>>> print(open('upload.cif').read())   # mmCIF, C-alpha atoms and all ligand atoms
data_final
#
loop_
_atom_site.group_PDB
_atom_site.id
_atom_site.type_symbol
_atom_site.label_atom_id
_atom_site.label_comp_id
_atom_site.auth_asym_id
_atom_site.auth_seq_id
_atom_site.Cartn_x
_atom_site.Cartn_y
_atom_site.Cartn_z
ATOM 1 C CA MET G 1 -9.444 -3.812 -5.398
ATOM 2 C CA LYS G 2 -9.254 -0.083 -4.848
ATOM 3 C CA PRO G 3 -11.381 1.630 -2.212
ATOM 4 C CA GLY G 4 -14.289 3.223 -3.955
ATOM 5 C CA VAL G 5 -14.590 0.308 -6.330
ATOM 6 C CA GLY G 6 -17.123 -1.925 -4.669
ATOM 7 C CA LEU G 7 -18.826 1.046 -3.079
ATOM 8 C CA ILE G 8 -22.359 -0.110 -2.632
ATOM 9 C CA GLY G 9 -25.523 1.866 -2.989
ATOM 10 C CA VAL G 10 -26.639 1.447 0.576
ATOM 11 C CA GLY G 11 -30.238 2.180 -0.226
ATOM 12 C CA PRO G 12 -33.359 0.284 0.764
ATOM 13 C CA LEU G 13 -32.577 -2.953 2.484
ATOM 14 C CA ALA G 14 -33.253 -6.478 1.440
ATOM 15 C CA GLY G 15 -35.893 -8.509 3.225
ATOM 16 C CA GLN G 16 -38.986 -6.351 3.180
ATOM 17 C CA PRO G 17 -41.085 -7.098 6.282
ATOM 18 C CA THR G 18 -43.953 -9.473 5.703
ATOM 19 C CA PRO G 19 -46.782 -10.177 8.145
ATOM 20 C CA PRO G 20 -45.770 -11.999 11.323
ATOM 21 C CA GLY G 21 -45.554 -15.761 10.926
ATOM 22 C CA TRP G 22 -45.203 -18.382 13.561
ATOM 23 C CA VAL G 23 -44.644 -16.403 16.711
ATOM 24 C CA PRO G 24 -47.968 -16.096 18.518
ATOM 25 C CA ALA G 25 -49.001 -12.600 19.551
ATOM 26 C CA ALA G 26 -48.902 -13.682 23.183
ATOM 27 C CA GLY G 27 -46.356 -16.085 24.613
ATOM 28 C CA PRO G 28 -42.631 -16.538 24.131
ATOM 29 C CA PRO G 29 -41.082 -17.599 20.808
ATOM 30 C CA PRO G 30 -39.805 -21.171 20.502
ATOM 31 C CA GLU G 31 -36.362 -21.775 21.937
ATOM 32 C CA LEU G 32 -33.449 -22.018 19.522
ATOM 33 C CA SER G 33 -32.179 -25.599 19.855
ATOM 34 C CA GLU G 34 -28.493 -26.344 20.476
ATOM 35 C CA ALA G 35 -28.197 -27.776 16.954
ATOM 36 C CA GLU G 36 -29.788 -24.687 15.391
ATOM 37 C CA PHE G 37 -27.544 -22.428 17.454
ATOM 38 C CA PHE G 38 -24.501 -24.426 16.322
ATOM 39 C CA ASN G 39 -25.507 -24.190 12.644
ATOM 40 C CA PHE G 40 -26.058 -20.436 12.759
ATOM 41 C CA CYS G 41 -22.790 -19.930 14.670
ATOM 42 C CA ARG G 42 -20.889 -21.892 12.032
ATOM 43 C CA LEU G 43 -22.495 -19.928 9.217
ATOM 44 C CA ILE G 44 -21.837 -16.553 10.860
ATOM 45 C CA HIS G 45 -18.262 -17.483 11.688
ATOM 46 C CA ARG G 46 -17.559 -18.721 8.171
ATOM 47 C CA HIS G 47 -18.871 -15.565 6.531
ATOM 48 C CA ALA G 48 -18.070 -12.786 9.002
ATOM 49 C CA GLY G 49 -15.388 -14.236 11.269
ATOM 50 C CA ILE G 50 -17.630 -13.399 14.215
ATOM 51 C CA HIS G 51 -17.380 -15.926 17.019
ATOM 52 C CA LEU G 52 -20.514 -16.304 19.130
ATOM 53 C CA SER G 53 -19.944 -17.855 22.548
ATOM 54 C CA PRO G 54 -22.647 -20.062 24.120
ATOM 55 C CA GLN G 55 -23.595 -17.044 26.272
ATOM 56 C CA LYS G 56 -24.786 -15.305 23.104
ATOM 57 C CA LYS G 57 -27.518 -17.880 22.420
ATOM 58 C CA ALA G 58 -30.355 -15.788 23.885
ATOM 59 C CA LEU G 59 -29.153 -12.731 21.986
ATOM 60 C CA LEU G 60 -28.945 -14.627 18.704
ATOM 61 C CA GLN G 61 -32.394 -16.081 19.296
ATOM 62 C CA ALA G 62 -33.865 -12.617 19.903
ATOM 63 C CA ARG G 63 -32.399 -11.371 16.634
ATOM 64 C CA LEU G 64 -33.500 -14.451 14.684
ATOM 65 C CA VAL G 65 -37.067 -14.212 15.971
ATOM 66 C CA LYS G 66 -37.434 -10.891 14.217
ATOM 67 C CA LEU G 67 -35.938 -12.151 10.957
ATOM 68 C CA VAL G 68 -38.168 -15.249 10.975
ATOM 69 C CA GLN G 69 -41.241 -13.197 11.862
ATOM 70 C CA ASP G 70 -40.625 -10.513 9.265
ATOM 71 C CA ARG G 71 -40.478 -13.170 6.555
ATOM 72 C CA GLY G 72 -43.566 -15.006 7.741
ATOM 73 C CA LEU G 73 -41.556 -18.225 8.128
ATOM 74 C CA GLY G 74 -42.400 -21.139 10.400
ATOM 75 C CA SER G 75 -39.114 -21.979 12.140
ATOM 76 C CA TYR G 76 -35.473 -21.066 12.660
ATOM 77 C CA GLN G 77 -34.544 -24.021 10.462
ATOM 78 C CA GLU G 78 -36.646 -22.700 7.617
ATOM 79 C CA TYR G 79 -34.884 -19.364 7.922
ATOM 80 C CA TYR G 80 -31.494 -21.083 7.986
ATOM 81 C CA ARG G 81 -32.360 -22.895 4.751
ATOM 82 C CA ARG G 82 -33.467 -19.647 3.166
ATOM 83 C CA VAL G 83 -30.129 -18.025 4.007
ATOM 84 C CA VAL G 84 -27.971 -20.833 2.641
ATOM 85 C CA GLU G 85 -30.104 -21.342 -0.461
ATOM 86 C CA ASP G 86 -30.279 -17.666 -1.416
ATOM 87 C CA LYS G 87 -27.626 -17.406 -4.088
ATOM 88 C CA SER G 88 -27.952 -13.607 -4.270
ATOM 89 C CA GLY G 89 -26.435 -13.332 -0.785
ATOM 90 C CA ARG G 90 -29.123 -10.855 0.315
ATOM 91 C CA GLU G 91 -30.436 -13.050 3.101
ATOM 92 C CA LEU G 92 -26.934 -13.625 4.405
ATOM 93 C CA THR G 93 -26.403 -9.852 4.403
ATOM 94 C CA CYS G 94 -29.594 -9.424 6.473
ATOM 95 C CA LEU G 95 -28.464 -12.098 8.913
ATOM 96 C CA LEU G 96 -25.008 -10.556 9.324
ATOM 97 C CA ASP G 97 -26.564 -7.080 9.685
ATOM 98 C CA ALA G 98 -28.689 -8.460 12.505
ATOM 99 C CA VAL G 99 -25.905 -10.168 14.428
ATOM 100 C CA SER G 100 -23.055 -7.663 14.301
ATOM 101 C CA THR G 101 -22.390 -5.456 17.307
ATOM 102 C CA ASN G 102 -22.207 -1.853 16.198
ATOM 103 C CA GLN G 103 -21.526 0.164 19.319
ATOM 104 C CA THR G 104 -19.523 3.269 18.503
ATOM 105 C CA ALA G 105 -19.206 6.954 19.359
ATOM 106 C CA PHE G 106 -17.711 10.221 18.206
ATOM 107 C CA TRP G 107 -14.340 10.906 19.808
ATOM 108 C CA ARG G 108 -14.181 7.326 21.124
ATOM 109 C CA GLU G 109 -10.847 6.496 22.754
ATOM 110 C CA PRO G 110 -9.594 10.068 22.297
ATOM 111 C CA ALA G 111 -5.915 9.240 22.916
ATOM 112 C CA HIS G 112 -5.773 7.864 19.348
ATOM 113 C CA PHE G 113 -7.008 11.112 17.814
ATOM 114 C CA VAL G 114 -4.622 13.119 19.969
ATOM 115 C CA TYR G 115 -1.761 10.858 18.823
ATOM 116 C CA LEU G 116 -2.752 11.404 15.207
ATOM 117 C CA ALA G 117 -2.801 15.196 15.581
ATOM 118 C CA ARG G 118 0.309 15.538 17.771
ATOM 119 C CA GLU G 119 2.612 12.804 16.494
ATOM 120 C CA ILE G 120 1.571 11.562 13.075
ATOM 121 C CA VAL G 121 0.580 14.831 11.382
ATOM 122 C CA PRO G 122 3.933 16.518 12.247
ATOM 123 C CA GLU G 123 5.693 13.363 11.027
ATOM 124 C CA TRP G 124 3.821 13.565 7.714
ATOM 125 C CA ARG G 125 4.927 17.202 7.437
ATOM 126 C CA ARG G 126 8.568 16.345 8.112
ATOM 127 C CA ALA G 127 8.564 13.437 5.684
ATOM 128 C CA LYS G 128 10.122 13.820 2.282
ATOM 129 C CA GLY G 129 7.714 14.220 -0.598
ATOM 130 C CA ARG G 130 5.396 16.460 1.380
ATOM 131 C CA ASP G 131 2.947 16.535 -1.450
ATOM 132 C CA SER G 132 2.220 12.814 -1.358
ATOM 133 C CA SER G 133 -1.354 11.917 -0.578
ATOM 134 C CA ARG G 134 -2.366 10.448 2.751
ATOM 135 C CA TRP G 135 -4.830 7.588 2.828
ATOM 136 C CA LEU G 136 -6.654 6.622 6.001
ATOM 137 C CA TRP G 137 -9.025 3.713 6.539
ATOM 138 C CA SER G 138 -11.588 3.127 9.242
ATOM 139 C CA ALA G 139 -12.077 -0.650 8.952
ATOM 140 C CA GLY G 140 -15.269 -1.584 10.775
ATOM 141 C CA CYS G 141 -16.608 1.972 10.799
ATOM 142 C CA SER G 142 -20.130 1.103 12.005
ATOM 143 C CA SER G 143 -22.461 4.144 11.735
ATOM 144 C CA GLY G 144 -19.673 6.546 10.816
ATOM 145 C CA GLU G 145 -18.729 8.318 14.037
ATOM 146 C CA GLU G 146 -15.128 7.064 13.865
ATOM 147 C CA PRO G 147 -14.268 8.186 10.305
ATOM 148 C CA TYR G 148 -16.111 11.494 10.810
ATOM 149 C CA THR G 149 -14.055 12.095 13.977
ATOM 150 C CA LEU G 150 -10.914 11.388 11.942
ATOM 151 C CA ALA G 151 -12.082 13.940 9.378
ATOM 152 C CA MET G 152 -12.774 16.570 12.066
ATOM 153 C CA VAL G 153 -9.349 16.020 13.622
ATOM 154 C CA LEU G 154 -7.666 16.502 10.249
ATOM 155 C CA LEU G 155 -9.813 19.520 9.371
ATOM 156 C CA THR G 156 -8.583 21.038 12.606
ATOM 157 C CA ALA G 157 -4.930 19.998 12.272
ATOM 158 C CA LEU G 158 -4.220 20.544 8.563
ATOM 159 C CA ASP G 159 -4.210 23.550 6.272
ATOM 160 C CA PRO G 160 -6.404 23.613 3.137
ATOM 161 C CA GLU G 161 -3.538 22.608 0.821
ATOM 162 C CA GLU G 162 -2.695 19.603 2.993
ATOM 163 C CA LEU G 163 -6.373 18.638 3.213
ATOM 164 C CA LYS G 164 -6.566 18.289 -0.558
ATOM 165 C CA ARG G 165 -4.293 15.276 -0.280
ATOM 166 C CA ILE G 166 -6.281 13.481 2.424
ATOM 167 C CA ARG G 167 -8.661 10.637 1.673
ATOM 168 C CA ILE G 168 -10.503 8.791 4.403
ATOM 169 C CA PHE G 169 -12.101 5.472 3.501
ATOM 170 C CA ALA G 170 -14.556 3.792 5.807
ATOM 171 C CA ALA G 171 -15.836 0.245 5.439
ATOM 172 C CA ASP G 172 -18.119 -2.109 7.257
ATOM 173 C CA LEU G 173 -19.828 -5.411 6.784
ATOM 174 C CA ASN G 174 -23.158 -4.090 8.023
ATOM 175 C CA THR G 175 -25.162 -2.445 5.235
ATOM 176 C CA GLN G 176 -27.619 -0.783 7.624
ATOM 177 C CA MET G 177 -24.783 0.881 9.541
ATOM 178 C CA LEU G 178 -23.240 2.045 6.266
ATOM 179 C CA ALA G 179 -26.545 3.584 5.212
ATOM 180 C CA GLN G 180 -26.691 5.486 8.512
ATOM 181 C CA ALA G 181 -23.065 6.518 8.169
ATOM 182 C CA GLN G 182 -23.652 7.907 4.685
ATOM 183 C CA ARG G 183 -26.659 9.894 5.862
ATOM 184 C CA GLY G 184 -24.495 11.452 8.585
ATOM 185 C CA ILE G 185 -27.504 12.353 10.730
ATOM 186 C CA TYR G 186 -27.350 11.689 14.462
ATOM 187 C CA PRO G 187 -29.445 12.454 17.539
ATOM 188 C CA GLU G 188 -27.947 15.554 19.188
ATOM 189 C CA ASP G 189 -26.788 13.709 22.275
ATOM 190 C CA ARG G 190 -24.502 11.482 20.138
ATOM 191 C CA ALA G 191 -22.276 14.506 19.583
ATOM 192 C CA ALA G 192 -22.129 15.459 23.268
ATOM 193 C CA SER G 193 -18.653 13.909 23.576
ATOM 194 C CA LEU G 194 -17.246 16.435 21.080
ATOM 195 C CA PRO G 195 -15.962 19.867 22.093
ATOM 196 C CA PRO G 196 -18.757 22.506 21.789
ATOM 197 C CA GLU G 197 -16.657 24.407 19.260
ATOM 198 C CA TRP G 198 -16.551 21.314 17.009
ATOM 199 C CA ARG G 199 -20.299 20.760 17.369
ATOM 200 C CA ARG G 200 -20.857 24.281 16.071
ATOM 201 C CA ARG G 201 -18.252 24.063 13.331
ATOM 202 C CA PHE G 202 -18.922 20.584 11.941
ATOM 203 C CA PHE G 203 -22.684 19.998 12.353
ATOM 204 C CA GLN G 204 -25.922 21.531 11.099
ATOM 205 C CA LYS G 205 -28.825 21.596 13.513
ATOM 206 C CA GLY G 206 -32.037 19.937 12.364
ATOM 207 C CA HIS G 207 -35.350 21.793 12.159
ATOM 208 C CA GLY G 208 -38.968 20.757 11.859
ATOM 209 C CA ARG G 209 -39.181 16.986 11.920
ATOM 210 C CA TRP G 210 -35.403 16.892 12.329
ATOM 211 C CA THR G 211 -35.424 18.863 15.570
ATOM 212 C CA GLY G 212 -33.138 17.090 18.034
ATOM 213 C CA TYR G 213 -30.848 15.834 15.246
ATOM 214 C CA LEU G 214 -27.521 17.014 13.892
ATOM 215 C CA ARG G 215 -26.188 16.522 10.391
ATOM 216 C CA VAL G 216 -22.483 16.282 9.684
ATOM 217 C CA LYS G 217 -21.578 19.226 7.441
ATOM 218 C CA PRO G 218 -20.560 18.622 3.816
ATOM 219 C CA GLU G 219 -16.936 19.705 4.424
ATOM 220 C CA VAL G 220 -16.598 16.712 6.793
ATOM 221 C CA ARG G 221 -18.673 14.266 4.730
ATOM 222 C CA GLU G 222 -16.717 15.085 1.584
ATOM 223 C CA LEU G 223 -13.528 13.791 3.162
ATOM 224 C CA VAL G 224 -14.999 10.349 3.848
ATOM 225 C CA GLU G 225 -15.863 7.656 1.319
ATOM 226 C CA PHE G 226 -17.863 4.688 2.586
ATOM 227 C CA PHE G 227 -17.783 1.216 1.053
ATOM 228 C CA HIS G 228 -18.963 -2.252 1.850
ATOM 229 C CA LEU G 229 -16.229 -4.668 2.818
ATOM 230 C CA ASN G 230 -16.145 -7.916 4.698
ATOM 231 C CA LEU G 231 -12.731 -8.228 6.331
ATOM 232 C CA MET G 232 -13.020 -11.988 5.813
ATOM 233 C CA ASP G 233 -12.951 -11.519 2.051
ATOM 234 C CA PRO G 234 -9.661 -11.159 0.189
ATOM 235 C CA PHE G 235 -8.784 -7.512 -0.324
ATOM 236 C CA ASP G 236 -5.883 -5.964 -2.095
ATOM 237 C CA PHE G 237 -5.964 -2.211 -2.552
ATOM 238 C CA GLN G 238 -4.039 -0.566 -5.377
ATOM 239 C CA GLU G 239 -2.999 2.226 -3.041
ATOM 240 C CA LYS G 240 -1.587 1.507 0.416
ATOM 241 C CA PHE G 241 -2.779 3.283 3.551
ATOM 242 C CA ASP G 242 -0.876 5.581 5.898
ATOM 243 C CA LEU G 243 -3.119 4.686 8.785
ATOM 244 C CA ILE G 244 -5.747 2.060 9.577
ATOM 245 C CA PHE G 245 -8.166 2.257 12.463
ATOM 246 C CA CYS G 246 -9.524 -1.242 13.102
ATOM 247 C CA ARG G 247 -10.857 -0.686 16.571
ATOM 248 C CA ASN G 248 -13.248 -2.938 18.466
ATOM 249 C CA VAL G 249 -13.798 -5.148 15.430
ATOM 250 C CA MET G 250 -11.421 -8.090 15.826
ATOM 251 C CA ILE G 251 -12.518 -8.505 19.423
ATOM 252 C CA TYR G 252 -15.425 -10.544 17.987
ATOM 253 C CA PHE G 253 -13.128 -12.813 15.961
ATOM 254 C CA ASP G 254 -11.345 -15.975 17.102
ATOM 255 C CA ARG G 255 -7.518 -15.997 17.224
ATOM 256 C CA GLN G 256 -7.013 -17.621 13.842
ATOM 257 C CA THR G 257 -9.309 -15.110 12.116
ATOM 258 C CA GLN G 258 -7.644 -12.231 13.973
ATOM 259 C CA ALA G 259 -4.200 -13.339 12.787
ATOM 260 C CA ALA G 260 -5.387 -13.614 9.170
ATOM 261 C CA VAL G 261 -7.034 -10.167 9.240
ATOM 262 C CA VAL G 262 -4.011 -8.566 10.936
ATOM 263 C CA GLU G 263 -1.779 -9.890 8.147
ATOM 264 C CA LYS G 264 -4.140 -8.466 5.502
ATOM 265 C CA LEU G 265 -4.134 -5.094 7.275
ATOM 266 C CA TYR G 266 -0.329 -5.227 7.376
ATOM 267 C CA ARG G 267 -0.192 -5.748 3.632
ATOM 268 C CA SER G 268 -2.619 -2.861 3.123
ATOM 269 C CA LEU G 269 -0.343 -0.347 4.880
ATOM 270 C CA LYS G 270 2.543 1.681 3.508
ATOM 271 C CA ARG G 271 5.894 1.071 5.160
ATOM 272 C CA GLY G 272 5.815 3.199 8.316
ATOM 273 C CA GLY G 273 1.993 3.172 8.308
ATOM 274 C CA TYR G 274 0.077 2.844 11.563
ATOM 275 C CA LEU G 275 -2.506 0.368 12.834
ATOM 276 C CA PHE G 276 -4.769 1.403 15.709
ATOM 277 C CA LEU G 277 -6.721 -1.201 17.667
ATOM 278 C CA GLY G 278 -9.456 -0.820 20.289
ATOM 279 C CA HIS G 279 -8.572 -0.222 23.933
ATOM 280 C CA SER G 280 -9.079 -3.861 24.966
ATOM 281 C CA GLU G 281 -7.334 -5.323 21.916
ATOM 282 C CA SER G 282 -3.707 -6.286 21.429
ATOM 283 C CA LEU G 283 -1.535 -8.242 19.039
ATOM 284 C CA SER G 284 0.470 -9.781 21.868
ATOM 285 C CA ASN G 285 -1.010 -13.277 21.491
ATOM 286 C CA LEU G 286 -0.795 -13.342 17.706
ATOM 287 C CA ARG G 287 1.939 -13.979 15.175
ATOM 288 C CA HIS G 288 2.346 -10.689 13.316
ATOM 289 C CA ARG G 289 4.900 -8.461 11.592
ATOM 290 C CA PHE G 290 4.049 -5.120 13.222
ATOM 291 C CA THR G 291 6.324 -3.074 15.452
ATOM 292 C CA TYR G 292 4.790 -2.140 18.771
ATOM 293 C CA VAL G 293 4.557 1.621 19.335
ATOM 294 C CA LYS G 294 2.430 1.852 22.487
ATOM 295 C CA PRO G 295 -0.652 0.046 23.769
ATOM 296 C CA THR G 296 -3.098 -0.425 20.862
ATOM 297 C CA ILE G 297 -0.815 1.389 18.371
ATOM 298 C CA TYR G 298 1.382 -0.569 15.928
ATOM 299 C CA ARG G 299 3.524 0.316 12.969
ATOM 300 C CA LYS G 300 4.594 -1.392 9.759
HETATM 301 C C1 LIG K 1 -18.217 -2.412 17.816
HETATM 302 S S1 LIG K 1 -18.200 -1.749 16.181
HETATM 303 C C2 LIG K 1 -16.763 -0.708 16.258
HETATM 304 C C3 LIG K 1 -16.931 0.574 15.490
HETATM 305 C C4 LIG K 1 -15.746 1.523 15.544
HETATM 306 N N1 LIG K 1 -14.585 0.945 14.913
HETATM 307 C C5 LIG K 1 -15.440 1.929 16.953
HETATM 308 O O1 LIG K 1 -14.469 1.453 17.548
HETATM 309 O O2 LIG K 1 -16.211 2.718 17.514
HETATM 310 C C6 LIG K 1 -17.640 -3.150 15.224
HETATM 311 C C7 LIG K 1 -17.958 -3.035 13.751
HETATM 312 O O3 LIG K 1 -17.248 -4.036 13.036
HETATM 313 C C8 LIG K 1 -18.070 -4.514 11.993
HETATM 314 N N2 LIG K 1 -17.634 -5.849 11.580
HETATM 315 C C9 LIG K 1 -17.763 -7.018 12.241
HETATM 316 N N3 LIG K 1 -17.286 -8.018 11.507
HETATM 317 C C10 LIG K 1 -16.839 -7.478 10.353
HETATM 318 C C11 LIG K 1 -16.233 -8.011 9.181
HETATM 319 N N4 LIG K 1 -16.023 -9.317 9.041
HETATM 320 N N5 LIG K 1 -15.900 -7.160 8.186
HETATM 321 C C12 LIG K 1 -16.126 -5.825 8.295
HETATM 322 N N6 LIG K 1 -16.694 -5.266 9.384
HETATM 323 C C13 LIG K 1 -17.046 -6.079 10.395
HETATM 324 C C14 LIG K 1 -19.457 -4.522 12.607
HETATM 325 O O4 LIG K 1 -20.474 -4.512 11.617
HETATM 326 C C15 LIG K 1 -19.441 -3.248 13.455
HETATM 327 O O5 LIG K 1 -19.988 -2.152 12.782
#
>>> encode(input="upload.cif", output="structure tokens", more="lines below")
Ligand SMILES: C[S@@+](CC[C@H](N)C(=O)[O-])C[C@H]1O[C@@H](n2cnc3c(N)ncnc32)[C@H](O)[C@@H]1O
Amino acid sequence: MKPGVGLIGVGPLAGQPTPPGWVPAAGPPPELSEAEFFNFCRLIHRHAGIHLSPQKKALLQARLVKLVQDRGLGSYQEYYRRVVEDKSGRELTCLLDAVSTNQTAFWREPAHFVYLAREIVPEWRRAKGRDSSRWLWSAGCSSGEEPYTLAMVLLTALDPEELKRIRIFAADLNTQMLAQAQRGIYPEDRAASLPPEWRRRFFQKGHGRWTGYLRVKPEVRELVEFFHLNLMDPFDFQEKFDLIFCRNVMIYFDRQTQAAVVEKLYRSLKRGGYLFLGHSESLSNLRHRFTYVKPTIYRK
């Protein structure tokens, strides 16, 4: 598969709300039983690789209550059946949208962006075949702040000719986050972590009902192409990447899933390509083929 193929129209979402069902207006919702928790955990792990520890039971319950209520269903079990019996996969998508953790920020873990601008860009310039294109991938991009930061860094570091050869792909499992990412509209305070000069250069200020919001400018959005991808699924891109950011994604996976995804990311990189992980992630406990560069940075 080539990025771009499989790009989904992240439009209106499945599972239109229906009137509240079993949860009484007053009083707490029924408790998720251990067996129900186990079944949902197994389903979520099988499809998204996400491992939910027993401590996450209350959180899962809170998210399920809403899904059950919105569909006017009578129990968690009924909802579970609906998910597994829905051959279209839409209910599963809604469930996975509801359980994934999507915390992100512009300019998150800035050392990675500094490394890209100071070390990798000059290396690309020195490399033979200067005119070859550079492909970057934000795997687990959430609501888009990470790939847009990558775009801003490159818009700042590269000249217009070099920019023509840059393509940034950004993928996530969560369709709601992808829809937000494609809109590229954020409350103003989300951009507070960026230098003021960048806020002026790369964002449009909202007016009227959009007062208090910023929109990422077209020159930034045009560099980024979003697509739906579950890292658990097989993927084999025609073109290999120069750099993959997969930060704060595998932290939710168990070791076996992490090792399998790391191997797929390895195969998706060009020789010499870089893998960036989140600040609390490491490959040290996994079997892998990467060369260590520095904490959270690896190379093929
Ligand atoms: C905590 S966010 C990290 C966002 C960004 N990379 C960052 O570091 O700021 C983790 C993202 O990984 C996505 N994710 C989780 N499991 C996934 C999977 N199996 N395939 C693709 N994306 C996944 C989630 O939907 C979520 O948006």
>>> atom_distance(input="upload.cif", atom1="CA of Trp198 (chain G)", atom2="CA of Arg299 (chain G)")
29.3 Å
>>> residues_near_point(input="upload.cif", point="(-38.9, -17.9, 19.2)", cutoff="8 Å", atoms="all atoms listed in the file", output="JSON, numbers by chain")
{"G": [23, 28, 29, 30, 31, 32, 61, 62, 64, 65]}
>>> write_last_selection(input="upload.cif", atoms="C-alpha atoms", output="PDB file, in the coordinates of the input")
ATOM      1  CA  VAL G  23     -44.644 -16.403  16.711  1.00  0.00           C
ATOM      2  CA  PRO G  28     -42.631 -16.538  24.131  1.00  0.00           C
ATOM      3  CA  PRO G  29     -41.082 -17.599  20.808  1.00  0.00           C
ATOM      4  CA  PRO G  30     -39.805 -21.171  20.502  1.00  0.00           C
ATOM      5  CA  GLU G  31     -36.362 -21.775  21.937  1.00  0.00           C
ATOM      6  CA  LEU G  32     -33.449 -22.018  19.522  1.00  0.00           C
ATOM      7  CA  GLN G  61     -32.394 -16.081  19.296  1.00  0.00           C
ATOM      8  CA  ALA G  62     -33.865 -12.617  19.903  1.00  0.00           C
ATOM      9  CA  LEU G  64     -33.500 -14.451  14.684  1.00  0.00           C
ATOM     10  CA  VAL G  65     -37.067 -14.212  15.971  1.00  0.00           C
TER      11      VAL G  65
END
>>> residues_around(input="upload.cif", residues="Gln180 (chain G)", least_positions_apart="3", cutoff="12 Å", atoms="all atoms listed in the file", output="list of chain:residue names")
G:Val10, G:Gly11, G:Pro12, G:Leu13, G:Asn102, G:Cys141, G:Ser142, G:Ser143, G:Gly144, G:Glu145, G:Asp172, G:Asn174, G:Thr175, G:Gln176, G:Met177, G:Arg183, G:Gly184, G:Ile185, G:Tyr186, G:Pro187, G:Arg215, G:Val216, G:Phe226
>>> closest_atom_pairs(input="upload.cif", of="chain G", to="ligand LIG 1 (chain K)", cutoff="8 Å", atoms="all atoms listed in the file", output="CSV")
residue,atom,partner,partner_atom,distance
G:His47,CA,K:LIG1,N4,7.3
G:Ala48,CA,K:LIG1,N4,4.0
G:Gly49,CA,K:LIG1,N4,5.4
G:Ile50,CA,K:LIG1,N3,6.0
G:Leu96,CA,K:LIG1,O4,7.9
G:Asp97,CA,K:LIG1,O4,6.9
G:Ser100,CA,K:LIG1,O4,4.9
G:Thr101,CA,K:LIG1,C1,5.2
G:Asn102,CA,K:LIG1,S1,4.0
G:Gln103,CA,K:LIG1,C1,4.5
G:Thr104,CA,K:LIG1,O2,3.5
G:Ala105,CA,K:LIG1,O2,5.5
G:Phe106,CA,K:LIG1,O2,7.7
G:Arg108,CA,K:LIG1,O2,6.2
G:Ser138,CA,K:LIG1,N1,6.8
G:Ala139,CA,K:LIG1,N6,6.5
G:Gly140,CA,K:LIG1,O3,3.9
G:Cys141,CA,K:LIG1,N1,4.7
G:Ser142,CA,K:LIG1,O5,3.3
G:Ser143,CA,K:LIG1,O5,6.8
G:Gly144,CA,K:LIG1,C4,7.9
G:Glu145,CA,K:LIG1,O2,7.1
G:Glu146,CA,K:LIG1,O2,5.8
G:Ala171,CA,K:LIG1,C12,6.7
G:Asp172,CA,K:LIG1,N6,4.1
G:Leu173,CA,K:LIG1,C12,4.0
G:Asn174,CA,K:LIG1,O4,4.5
G:Met177,CA,K:LIG1,O5,6.5
G:His228,CA,K:LIG1,C12,7.9
G:Leu229,CA,K:LIG1,C12,5.6
G:Asn230,CA,K:LIG1,N5,3.6
G:Leu231,CA,K:LIG1,N5,3.8
G:Met232,CA,K:LIG1,N4,5.2
G:Asp233,CA,K:LIG1,N4,7.9
G:Phe245,CA,K:LIG1,N1,7.0
G:Cys246,CA,K:LIG1,N1,5.8
G:Arg247,CA,K:LIG1,O1,4.3
G:Asn248,CA,K:LIG1,O1,4.6
G:Val249,CA,K:LIG1,C6,4.3
G:Met250,CA,K:LIG1,N3,7.3
G:Tyr252,CA,K:LIG1,C9,7.1
G:Phe253,CA,K:LIG1,N3,7.8
G:Gly278,CA,K:LIG1,O1,6.1
>>> axis_aligned_box(input="upload.cif", around="region 184-201 of chain G", padding_each_side="5 Å", output="AutoDock Vina command-line options")
--center_x -22.7 --center_y 17.9 --center_z 16.1 --size_x 23.5 --size_y 23.0 --size_z 25.0
>>> closest_residue(input="upload.cif", among="G:Ala58, G:Ala127, G:Cys94, G:Ala181", to="Asp70 (chain G)", atoms="only C-alpha atoms")
G:Cys94
>>> resolve_selection(input="upload.cif", expression="the PyMOL selection byres (((chain G and resi 236) around 9) and not hetatm)", output="list in words")
Met1, Lys2, Pro234, Phe235, Phe237, Gln238, Glu239, Lys240, Lys264, Arg267 and Ser268 of chain G
>>> closest_residue(input="upload.cif", among="G:Ala111, G:Leu178, G:Val224, G:Ala260", to="Ile297 (chain G)", atoms="only C-alpha atoms")
G:Ala111
>>> resolve_selection(input="upload.cif", expression="the PyMOL selection byres (((chain G and resi 295) around 12) and not hetatm)", output="PyMOL selection string")
chain G and resi 111-112+115+275-284+291-294+296-299
>>> build_atoms(input="upload.cif", residues="region 131-135 of chain G", atoms="N, CA and C atoms", output="PDB file, in the frame of the given file")
ATOM      1  N   ASP G 131       4.189  16.438  -0.701  1.00  0.00           N
ATOM      2  CA  ASP G 131       2.947  16.535  -1.450  1.00  0.00           C
ATOM      3  C   ASP G 131       2.276  15.184  -1.696  1.00  0.00           C
ATOM      4  N   SER G 132       2.845  14.113  -1.105  1.00  0.00           N
ATOM      5  CA  SER G 132       2.220  12.814  -1.358  1.00  0.00           C
ATOM      6  C   SER G 132       0.892  12.726  -0.611  1.00  0.00           C
ATOM      7  N   SER G 133      -0.027  11.974  -1.191  1.00  0.00           N
ATOM      8  CA  SER G 133      -1.354  11.917  -0.578  1.00  0.00           C
ATOM      9  C   SER G 133      -1.334  10.984   0.631  1.00  0.00           C
ATOM     10  N   ARG G 134      -2.274  11.220   1.514  1.00  0.00           N
ATOM     11  CA  ARG G 134      -2.366  10.448   2.751  1.00  0.00           C
ATOM     12  C   ARG G 134      -3.694   9.717   2.762  1.00  0.00           C
ATOM     13  N   TRP G 135      -3.628   8.401   2.855  1.00  0.00           N
ATOM     14  CA  TRP G 135      -4.830   7.588   2.828  1.00  0.00           C
ATOM     15  C   TRP G 135      -5.078   6.980   4.206  1.00  0.00           C
TER      16      TRP G 135
END
